[in-house]
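Next comes entry30.tsv, a file with TSV, C-alpha atoms and all ligand atoms.
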chain	number	residue	atom	x	y	z
A	1	MET	CA	70.26	117.65	-99.87
A	2	ALA	CA	72.09	120.82	-100.99
A	3	GLY	CA	70.23	123.98	-102.00
A	4	PRO	CA	68.69	127.21	-100.77
A	5	ASN	CA	66.62	127.81	-97.63
A	6	ARG	CA	69.10	126.10	-95.42
A	7	ILE	CA	67.91	125.04	-91.95
A	8	LEU	CA	69.97	125.30	-88.81
A	9	LEU	CA	69.18	122.41	-86.47
A	10	SER	CA	70.29	123.16	-82.91
A	11	VAL	CA	69.26	120.87	-80.08
A	12	GLN	CA	70.57	119.99	-76.65
A	13	GLY	CA	69.69	117.06	-74.46
A	14	PHE	CA	68.89	114.45	-77.11
A	15	HIS	CA	70.32	113.06	-80.33
A	16	PRO	CA	69.09	115.02	-83.35
A	17	GLN	CA	69.79	112.33	-85.99
A	18	ARG	CA	66.15	111.54	-86.86
A	19	TRP	CA	65.29	115.25	-87.05
A	20	TYR	CA	68.33	115.77	-89.28
A	21	ASP	CA	67.40	112.88	-91.58
A	22	LEU	CA	63.77	113.95	-91.99
A	23	LEU	CA	64.51	117.66	-92.49
A	24	SER	CA	67.35	117.01	-94.90
A	25	ALA	CA	65.12	114.88	-97.13
A	26	SER	CA	63.58	118.22	-98.21
A	27	ARG	CA	66.03	120.98	-97.32
A	28	ALA	CA	69.71	121.56	-96.76
A	29	VAL	CA	70.39	121.23	-93.04
A	30	THR	CA	73.32	122.45	-90.98
A	31	LEU	CA	73.92	121.03	-87.55
A	32	GLU	CA	75.09	123.72	-85.18
A	33	PRO	CA	77.81	124.81	-84.57
A	34	ASP	CA	79.10	124.40	-88.17
A	35	GLY	CA	76.93	127.01	-89.85
A	36	SER	CA	76.00	129.32	-87.03
A	37	ALA	CA	76.85	132.51	-88.96
A	38	ASP	CA	75.90	131.15	-92.39
A	39	PRO	CA	74.00	133.68	-94.58
A	40	SER	CA	72.27	130.81	-96.44
A	41	ILE	CA	70.41	129.76	-93.27
A	42	GLU	CA	66.79	130.93	-93.39
A	43	TYR	CA	65.15	128.74	-90.73
A	44	ALA	CA	66.17	127.49	-87.33
A	45	VAL	CA	64.71	124.37	-85.69
A	46	VAL	CA	65.69	124.48	-82.05
A	47	TRP	CA	65.46	122.97	-78.58
A	48	LYS	CA	67.56	124.78	-75.96
A	49	HIS	CA	69.94	126.31	-78.51
A	50	LYS	CA	73.05	128.12	-77.31
A	51	PRO	CA	72.06	131.74	-76.60
A	52	GLY	CA	73.38	134.18	-79.19
A	53	ILE	CA	73.72	131.80	-82.14
A	54	LEU	CA	70.45	132.86	-83.79
A	55	ALA	CA	71.34	136.56	-83.67
A	56	ALA	CA	74.38	135.74	-85.83
A	57	LEU	CA	72.19	134.56	-88.76
A	58	PRO	CA	71.68	137.53	-91.11
A	59	ASN	CA	68.91	135.99	-93.25
A	60	LEU	CA	66.87	134.07	-90.69
A	61	MET	CA	63.14	134.11	-91.55
A	62	ALA	CA	61.58	131.98	-88.79
A	63	ILE	CA	62.44	129.97	-85.69
A	64	PHE	CA	60.66	126.65	-85.05
A	65	SER	CA	60.48	125.24	-81.53
A	66	ILE	CA	60.74	121.47	-81.25
A	67	GLY	CA	58.23	121.66	-78.40
A	68	ALA	CA	55.00	123.39	-77.45
A	69	GLY	CA	56.79	125.50	-74.85
A	70	VAL	CA	59.09	128.29	-76.01
A	71	ASP	CA	60.73	129.42	-72.77
A	72	HIS	CA	63.86	127.63	-74.04
A	73	ILE	CA	63.95	130.13	-76.93
A	74	LEU	CA	62.81	133.31	-75.20
A	75	ASN	CA	65.41	132.99	-72.46
A	76	ASP	CA	68.00	133.90	-75.12
A	77	PRO	CA	68.25	137.71	-74.77
A	78	ASP	CA	69.46	138.03	-78.38
A	79	ILE	CA	66.58	136.47	-80.29
A	80	PRO	CA	66.27	138.07	-83.74
A	81	ASP	CA	62.98	139.74	-84.62
A	82	VAL	CA	61.50	136.91	-86.74
A	83	PRO	CA	58.40	134.79	-86.08
A	84	ILE	CA	58.77	132.02	-83.50
A	85	VAL	CA	56.55	129.03	-84.25
A	86	ARG	CA	55.65	126.56	-81.51
A	87	VAL	CA	54.31	123.01	-81.74
A	88	VAL	CA	50.56	122.53	-81.84
A	89	ALA	CA	50.02	118.99	-83.07
A	90	ASP	CA	47.48	116.22	-82.51
A	91	ASN	CA	50.24	113.75	-81.73
A	92	LEU	CA	51.76	115.86	-78.93
A	93	THR	CA	48.31	116.78	-77.58
A	94	GLN	CA	47.39	113.10	-77.43
A	95	TYR	CA	50.52	112.30	-75.36
A	96	MET	CA	49.68	115.08	-72.92
A	97	VAL	CA	46.02	114.09	-72.60
A	98	GLU	CA	47.08	110.50	-71.88
A	99	TYR	CA	49.51	111.65	-69.19
A	100	ILE	CA	46.95	113.92	-67.49
A	101	VAL	CA	44.15	111.34	-67.52
A	102	TRP	CA	46.58	108.68	-66.26
A	103	ARG	CA	47.83	110.78	-63.35
A	104	VAL	CA	44.40	112.14	-62.38
A	105	LEU	CA	42.87	108.65	-62.40
A	106	ASP	CA	45.79	107.26	-60.42
A	107	HIS	CA	45.24	109.88	-57.69
A	108	GLN	CA	41.45	109.48	-57.70
A	109	ARG	CA	41.66	105.65	-57.66
A	110	GLN	CA	44.39	105.79	-54.99
A	111	GLY	CA	47.12	104.00	-56.90
A	112	MET	CA	49.78	105.14	-54.43
A	113	LEU	CA	47.92	103.49	-51.56
A	114	TYR	CA	47.64	100.15	-53.40
A	115	ARG	CA	51.31	100.28	-54.47
A	116	ALA	CA	52.25	100.76	-50.80
A	117	GLN	CA	49.90	97.96	-49.68
A	118	GLN	CA	51.04	95.32	-52.18
A	119	PRO	CA	54.57	94.57	-50.90
A	120	ARG	CA	53.07	94.29	-47.41
A	121	LYS	CA	50.32	91.94	-48.71
A	122	ILE	CA	47.59	94.19	-47.31
A	123	TRP	CA	44.07	93.37	-48.57
A	124	HIS	CA	42.22	96.61	-47.84
A	125	GLU	CA	39.68	98.54	-49.89
A	126	PRO	CA	39.46	102.23	-48.95
A	127	PRO	CA	36.34	104.33	-49.64
A	128	GLN	CA	36.27	105.01	-53.39
A	129	PRO	CA	34.75	108.35	-54.36
A	130	PRO	CA	33.61	108.36	-57.98
A	131	ALA	CA	34.94	110.83	-60.54
A	132	ASN	CA	31.79	112.93	-60.45
A	133	GLU	CA	32.53	113.84	-56.81
A	134	ILE	CA	36.01	115.15	-57.68
A	135	ALA	CA	36.85	118.54	-59.24
A	136	VAL	CA	39.95	118.71	-61.42
A	137	GLY	CA	41.21	122.27	-61.94
A	138	ILE	CA	43.28	122.91	-65.02
A	139	MET	CA	45.68	125.82	-64.66
A	140	GLY	CA	46.53	126.90	-68.21
A	141	PHE	CA	43.40	126.41	-70.28
A	142	GLY	CA	45.06	126.50	-73.71
A	143	GLN	CA	45.51	123.89	-76.45
A	144	LEU	CA	46.59	121.18	-74.01
A	145	GLY	CA	44.44	122.25	-71.07
A	146	ARG	CA	41.26	122.25	-73.14
A	147	ALA	CA	42.06	118.87	-74.71
A	148	ALA	CA	42.70	117.42	-71.23
A	149	ALA	CA	39.43	118.96	-70.00
A	150	LYS	CA	37.44	117.19	-72.72
A	151	ALA	CA	38.97	113.83	-71.83
A	152	LEU	CA	38.42	114.33	-68.08
A	153	LEU	CA	34.80	115.36	-68.66
A	154	ALA	CA	34.32	112.18	-70.69
A	155	VAL	CA	35.59	110.11	-67.73
A	156	GLY	CA	33.09	111.92	-65.49
A	157	PHE	CA	35.16	114.41	-63.48
A	158	LYS	CA	33.97	117.90	-62.65
A	159	VAL	CA	36.36	120.25	-64.46
A	160	ASN	CA	37.48	123.82	-63.72
A	161	GLY	CA	39.73	125.95	-65.92
A	162	TRP	CA	41.95	128.98	-65.25
A	163	SER	CA	43.56	131.14	-67.94
A	164	ARG	CA	44.97	134.63	-68.49
A	165	THR	CA	42.03	135.81	-70.59
A	166	ALA	CA	38.43	134.65	-70.37
A	167	ARG	CA	37.81	131.19	-71.88
A	168	ALA	CA	34.59	129.20	-71.98
A	169	MET	CA	33.89	125.52	-72.53
A	170	GLU	CA	30.61	123.69	-72.11
A	171	GLY	CA	30.54	121.73	-68.87
A	172	VAL	CA	33.58	123.53	-67.43
A	173	ALA	CA	33.59	126.26	-64.75
A	174	THR	CA	36.17	128.83	-65.82
A	175	TRP	CA	38.00	131.70	-64.14
A	176	HIS	CA	40.74	133.96	-65.42
A	177	GLY	CA	43.35	136.44	-64.31
A	178	GLU	CA	44.64	137.16	-60.82
A	179	ASP	CA	41.14	137.79	-59.43
A	180	GLY	CA	39.97	134.40	-60.63
A	181	LEU	CA	42.86	132.41	-59.17
A	182	THR	CA	41.73	132.01	-55.55
A	183	PRO	CA	38.12	131.00	-56.37
A	184	PHE	CA	39.47	128.57	-58.99
A	185	LEU	CA	41.83	126.97	-56.43
A	186	ASN	CA	39.17	126.88	-53.71
A	187	ALA	CA	36.93	124.91	-56.06
A	188	THR	CA	39.68	122.44	-57.07
A	189	ASP	CA	40.56	119.04	-55.53
A	190	ILE	CA	43.14	117.88	-58.09
A	191	LEU	CA	45.23	120.69	-59.62
A	192	VAL	CA	46.59	120.01	-63.11
A	193	VAL	CA	49.17	122.51	-64.31
A	194	LEU	CA	49.59	123.13	-68.03
A	195	LEU	CA	50.85	126.70	-67.97
A	196	PRO	CA	53.70	128.06	-70.07
A	197	LEU	CA	56.74	129.43	-68.22
A	198	THR	CA	56.70	133.23	-68.54
A	199	PRO	CA	57.72	136.10	-66.25
A	200	ALA	CA	54.11	136.11	-64.97
A	201	THR	CA	53.98	132.40	-64.14
A	202	HIS	CA	57.52	131.83	-62.84
A	203	GLY	CA	57.34	130.32	-59.32
A	204	ILE	CA	53.54	130.57	-59.19
A	205	LEU	CA	53.16	127.07	-57.64
A	206	ASP	CA	54.28	127.95	-54.14
A	207	TYR	CA	53.23	126.97	-50.62
A	208	ASP	CA	50.53	129.67	-50.41
A	209	LEU	CA	48.94	128.66	-53.69
A	210	LEU	CA	48.86	124.97	-52.74
A	211	GLY	CA	47.24	125.95	-49.44
A	212	LYS	CA	44.25	127.36	-51.33
A	213	LEU	CA	43.23	124.02	-52.86
A	214	ASN	CA	40.13	122.29	-51.50
A	215	ARG	CA	41.23	119.63	-49.02
A	216	LYS	CA	37.79	118.92	-47.56
A	217	ASN	CA	36.71	116.64	-50.36
A	218	ALA	CA	35.75	113.02	-50.89
A	219	LEU	CA	39.41	112.04	-51.33
A	220	GLY	CA	40.39	113.63	-48.01
A	221	GLY	CA	43.01	115.92	-49.49
A	222	ALA	CA	44.24	117.90	-52.47
A	223	PHE	CA	46.57	116.73	-55.24
A	224	LEU	CA	49.03	118.34	-57.67
A	225	VAL	CA	49.89	117.26	-61.22
A	226	ASN	CA	52.49	119.50	-62.93
A	227	ALA	CA	53.25	118.80	-66.57
A	228	GLY	CA	53.84	122.44	-67.56
A	229	ARG	CA	57.32	123.59	-66.62
A	230	GLY	CA	59.50	122.97	-63.56
A	231	GLN	CA	60.21	126.63	-62.88
A	232	LEU	CA	56.51	127.25	-62.37
A	233	GLN	CA	56.96	125.41	-59.09
A	234	LYS	CA	59.12	125.68	-56.01
A	235	ASP	CA	60.25	122.11	-55.35
A	236	ALA	CA	60.90	122.84	-51.66
A	237	ASP	CA	57.40	124.30	-51.24
A	238	ILE	CA	55.89	121.12	-52.65
A	239	VAL	CA	57.82	119.02	-50.13
A	240	ARG	CA	56.66	121.34	-47.32
A	241	ALA	CA	53.05	121.32	-48.58
A	242	LEU	CA	53.10	117.50	-48.55
A	243	LYS	CA	54.55	117.44	-45.04
A	244	ASP	CA	51.96	119.92	-43.73
A	245	GLY	CA	49.06	118.13	-45.44
A	246	LEU	CA	48.18	120.97	-47.86
A	247	ILE	CA	48.45	118.37	-50.60
A	248	LYS	CA	48.24	114.61	-50.21
A	249	GLU	CA	50.15	113.48	-53.31
A	250	ALA	CA	51.87	114.95	-56.36
A	251	SER	CA	52.68	113.78	-59.87
A	252	LEU	CA	55.57	115.80	-61.24
A	253	ASP	CA	56.88	115.57	-64.79
A	254	VAL	CA	58.91	118.77	-64.58
A	255	PHE	CA	61.31	120.22	-62.01
A	256	GLU	CA	63.14	123.42	-61.14
A	257	THR	CA	66.38	121.71	-62.22
A	258	GLU	CA	66.35	119.00	-64.89
A	259	PRO	CA	67.49	116.27	-64.72
A	260	LEU	CA	66.17	116.19	-61.15
A	261	PRO	CA	69.32	116.15	-58.95
A	262	PRO	CA	69.93	112.85	-57.10
A	263	THR	CA	69.86	114.81	-53.81
A	264	SER	CA	66.25	115.97	-54.34
A	265	PRO	CA	63.86	114.60	-51.68
A	266	LEU	CA	61.21	114.34	-54.41
A	267	TRP	CA	62.91	111.20	-55.78
A	268	THR	CA	62.19	109.16	-52.67
A	269	HIS	CA	59.07	110.83	-51.31
A	270	PRO	CA	56.41	108.11	-50.88
A	271	ASN	CA	53.64	110.43	-52.09
A	272	VAL	CA	55.38	111.78	-55.17
A	273	PHE	CA	55.30	110.21	-58.62
A	274	VAL	CA	58.25	111.34	-60.76
A	275	THR	CA	58.55	111.18	-64.54
A	276	PRO	CA	61.59	112.64	-66.37
A	277	HIS	CA	59.91	115.42	-68.41
A	278	ALA	CA	58.31	112.65	-70.42
A	279	ALA	CA	54.61	113.57	-70.39
A	280	ALA	CA	54.94	114.14	-74.13
A	281	SER	CA	57.60	113.28	-76.61
A	282	SER	CA	58.27	115.51	-79.63
A	283	ASP	CA	58.06	113.00	-82.39
A	284	PRO	CA	59.98	114.08	-85.53
A	285	GLU	CA	57.92	111.77	-87.76
A	286	HIS	CA	54.85	113.86	-86.94
A	287	LEU	CA	56.38	117.27	-86.37
A	288	VAL	CA	58.87	117.64	-89.25
A	289	PRO	CA	56.13	117.48	-91.95
A	290	LEU	CA	54.23	120.24	-90.10
A	291	MET	CA	57.37	122.41	-89.95
A	292	LEU	CA	58.16	121.86	-93.64
A	293	GLU	CA	54.58	122.75	-94.57
A	294	GLN	CA	54.86	125.99	-92.59
A	295	MET	CA	58.13	126.85	-94.39
A	296	ARG	CA	56.42	126.29	-97.74
A	297	ALA	CA	53.45	128.44	-96.60
A	298	LEU	CA	55.79	131.29	-95.65
A	299	GLU	CA	57.49	131.05	-99.04
A	300	ARG	CA	54.07	131.23	-100.74
A	301	GLY	CA	53.50	134.49	-98.83
A	302	GLU	CA	50.98	132.98	-96.41
A	303	ARG	CA	50.76	133.60	-92.67
A	304	LEU	CA	52.47	131.19	-90.32
A	305	ALA	CA	50.30	129.39	-87.78
A	306	ASN	CA	51.00	129.00	-84.03
A	307	ILE	CA	53.20	132.07	-83.73
A	308	VAL	CA	54.36	133.02	-80.25
A	309	ASP	CA	53.44	136.41	-78.82
A	310	ARG	CA	56.79	137.58	-77.52
A	311	LYS	CA	55.31	140.32	-75.35
A	312	ILE	CA	53.35	137.85	-73.20
A	313	GLY	CA	55.94	135.09	-73.59
A	314	TYR	CA	53.96	132.16	-74.98
A	401	LIG	P1	48.82	127.41	-74.88
A	401	LIG	O1	49.56	128.65	-75.20
A	401	LIG	O2	47.85	126.89	-75.88
A	401	LIG	O3	48.03	127.61	-73.51
A	401	LIG	C1	48.58	128.27	-72.42
A	401	LIG	C2	47.48	128.53	-71.41
A	401	LIG	O4	48.05	129.13	-70.24
A	401	LIG	C3	46.42	129.51	-71.93
A	401	LIG	O5	45.14	129.16	-71.46
A	401	LIG	C4	46.86	130.83	-71.31
A	401	LIG	O6	45.81	131.77	-71.13
A	401	LIG	C5	47.35	130.34	-69.97
A	401	LIG	N1	48.23	131.32	-69.35
A	401	LIG	C6	49.41	131.81	-69.81
A	401	LIG	N2	49.91	132.74	-68.98
A	401	LIG	C7	49.01	132.84	-67.98
A	401	LIG	C8	48.93	133.65	-66.83
A	401	LIG	N3	49.87	134.55	-66.53
A	401	LIG	N4	47.85	133.51	-66.02
A	401	LIG	C9	46.89	132.63	-66.31
A	401	LIG	N5	46.89	131.82	-67.40
A	401	LIG	C10	47.95	131.93	-68.21
A	401	LIG	O7	49.90	126.32	-74.53
A	401	LIG	P2	49.78	124.73	-74.62
A	401	LIG	O8	48.52	124.33	-73.98
A	401	LIG	O9	50.06	124.25	-75.98
A	401	LIG	O10	51.04	124.29	-73.72
A	401	LIG	C11	51.13	124.68	-72.37
A	401	LIG	C12	52.50	124.35	-71.81
A	401	LIG	O11	52.63	122.94	-71.58
A	401	LIG	C13	53.70	124.67	-72.70
A	401	LIG	O12	54.02	126.03	-72.66
A	401	LIG	C14	54.78	123.81	-72.07
A	401	LIG	O13	55.44	124.54	-71.05
A	401	LIG	C15	54.02	122.65	-71.45
A	401	LIG	N6	54.30	121.38	-72.13
A	401	LIG	C16	54.93	120.38	-71.41
A	401	LIG	C17	55.19	119.18	-71.99
A	401	LIG	C18	55.82	118.07	-71.22
A	401	LIG	O14	56.30	117.09	-71.82
A	401	LIG	N7	55.84	118.13	-69.90
A	401	LIG	C19	54.86	118.91	-73.40
A	401	LIG	C20	54.18	120.00	-74.05
A	401	LIG	C21	53.93	121.19	-73.43
A	401	LIG	P3	44.98	132.32	-72.40
A	401	LIG	O15	44.09	131.16	-72.83
A	401	LIG	O16	44.22	133.45	-71.86
A	401	LIG	O17	45.99	132.69	-73.46
A	402	LIG	C1	57.26	120.81	-74.89
A	402	LIG	C2	57.90	119.85	-73.99
A	402	LIG	O1	57.26	122.01	-74.60
A	402	LIG	O2	58.07	118.67	-74.39
A	402	LIG	O3	56.75	120.38	-75.94
A	402	LIG	O4	58.25	120.19	-72.86
Would you mind giving the structure from this file in structure tokens?
Amino acid sequence: MAGPNRILLSVQGFHPQRWYDLLSASRAVTLEPDGSADPSIEYAVVWKHKPGILAALPNLMAIFSIGAGVDHILNDPDIPDVPIVRVVADNLTQYMVEYIVWRVLDHQRQGMLYRAQQPRKIWHEPPQPPANEIAVGIMGFGQLGRAAAKALLAVGFKVNGWSRTARAMEGVATWHGEDGLTPFLNATDILVVLLPLTPATHGILDYDLLGKLNRKNALGGAFLVNAGRGQLQKDADIVRALKDGLIKEASLDVFETEPLPPTSPLWTHPNVFVTPHAAASSDPEHLVPLMLEQMRALERGERLANIVDRKIGY
């Protein structure tokens, strides 16, 4: 469709055809790099765009992230001073809640042990601590962390939360800030990470942090589930923490380098479950209508929702 309010669609790592089709049913869309300095472009819809291309757009009004995380935008040093909108959507939240509940239950119900036993035809039932004896600690108690907490509470787990500022939820023990981190970790058996990647969280999941988890629990060890961002963690520290028994198993959806290099020991580690940054999928059928509605709201003079705070980086 031709017309005003042209959208620049700039994505890397997947085919943008469905996004293009759905956006262009309502607006004129330019696929980068064709229109990267086009004065008719007023919106950008991006996933890992090439740094610098947005600064070249003289009439840009807003940038829409294709995902909930925006580190892929903020690592461009030349981002123009326009609102950045991130994804907050039931559909994406549902994917993430499913992933977290799946991985936490698999660790609690000892799926790795049974998968190791089966090819060896071993008929052995280990002690099975119930969910109410296990504390899941959610690091990053935001949209996704709180939704995961509700689902885990419904299954029967004890739930802890850690955030930057104070947050409360019925049935959840919460801590915040640097002072709250050690007591939160000490009270946690299964650590679930749903933090954004910012200068303050980069590399936070290191050997020392993993050593603070509670290992003296009914499962006989601590566990890590990271579905936030790969650069929150140090892959080598996770391998060392597994070797030294600081953690028993890990489920990792994200990695320092993606795709995970074939040489990474995480691929073949018997106590690591790898998914290829697939905890959630950004589904254009659900997300494009939300983006178009936000564009219309901006044009009506209304405030945009889910705007990123650039100073804190999420
Ligand atoms: P939110 O912004 O809603 O929540 C972020 C949470 O992290 C908040 O509780 C925030 O604290 C907390 N936080 C941020 N910085 C710090 C800090 N320095 N110390 C302590 N807590 C901190 O984000 P979402 O829940 O929507 O998404 C979280 C992340 O999940 C995304 O940024 C993305 O990286 C990742 N993600 C991964 C996906 C995947 O497929 N693997 C899919 C979707 C998202 P406060 O509450 O005080 O603001
Ligand atoms: C996201 C992601 O940030 O899929 O939405 O990683």
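Comparing the minimum interatomic distances between Phe14 (chain A) and each of A:Ser281, A:Asn132, A:Ile79, A:Glu256, counting only C-alpha atoms, we find that A:Ser281 sits nearest.
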CA of Lys212 (chain A) and CA of Asn160 (chain A) are how many Å apart? 14.6 Å
Do you know which residues are within 7 Å of ligand LIG 401 (chain A) using only C-alpha atoms and all ligand atoms? Can you write them as an MDAnalysis selection string? chainID A and resid 67:70 88 92 96 139:145 162:167 176:177 194:198 200:201 227:229 253:254 277:281 314
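Relative to CA of Ala305 (chain A), CA of Leu290 (chain A) is found at 10.2 Å.
Using all atoms listed in the file, the contacts of Ile190 (chain A) at a cut-off of 6 Å, with sequence neighbours closer than 3 positions omitted, comprise Val136, Ala222, Phe223 and Leu224 of chain A.
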re CA of Val155 (chain A) and CA of Leu181 (chain A): distance 25.0 Å
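Of the residues under consideration (A:Val192, A:Leu60, A:Leu152, A:Leu287), A:Leu287 shows the shortest atom-to-atom contact distance to ligand LIG 402 (chain A) when counting only C-alpha atoms and all ligand atoms.
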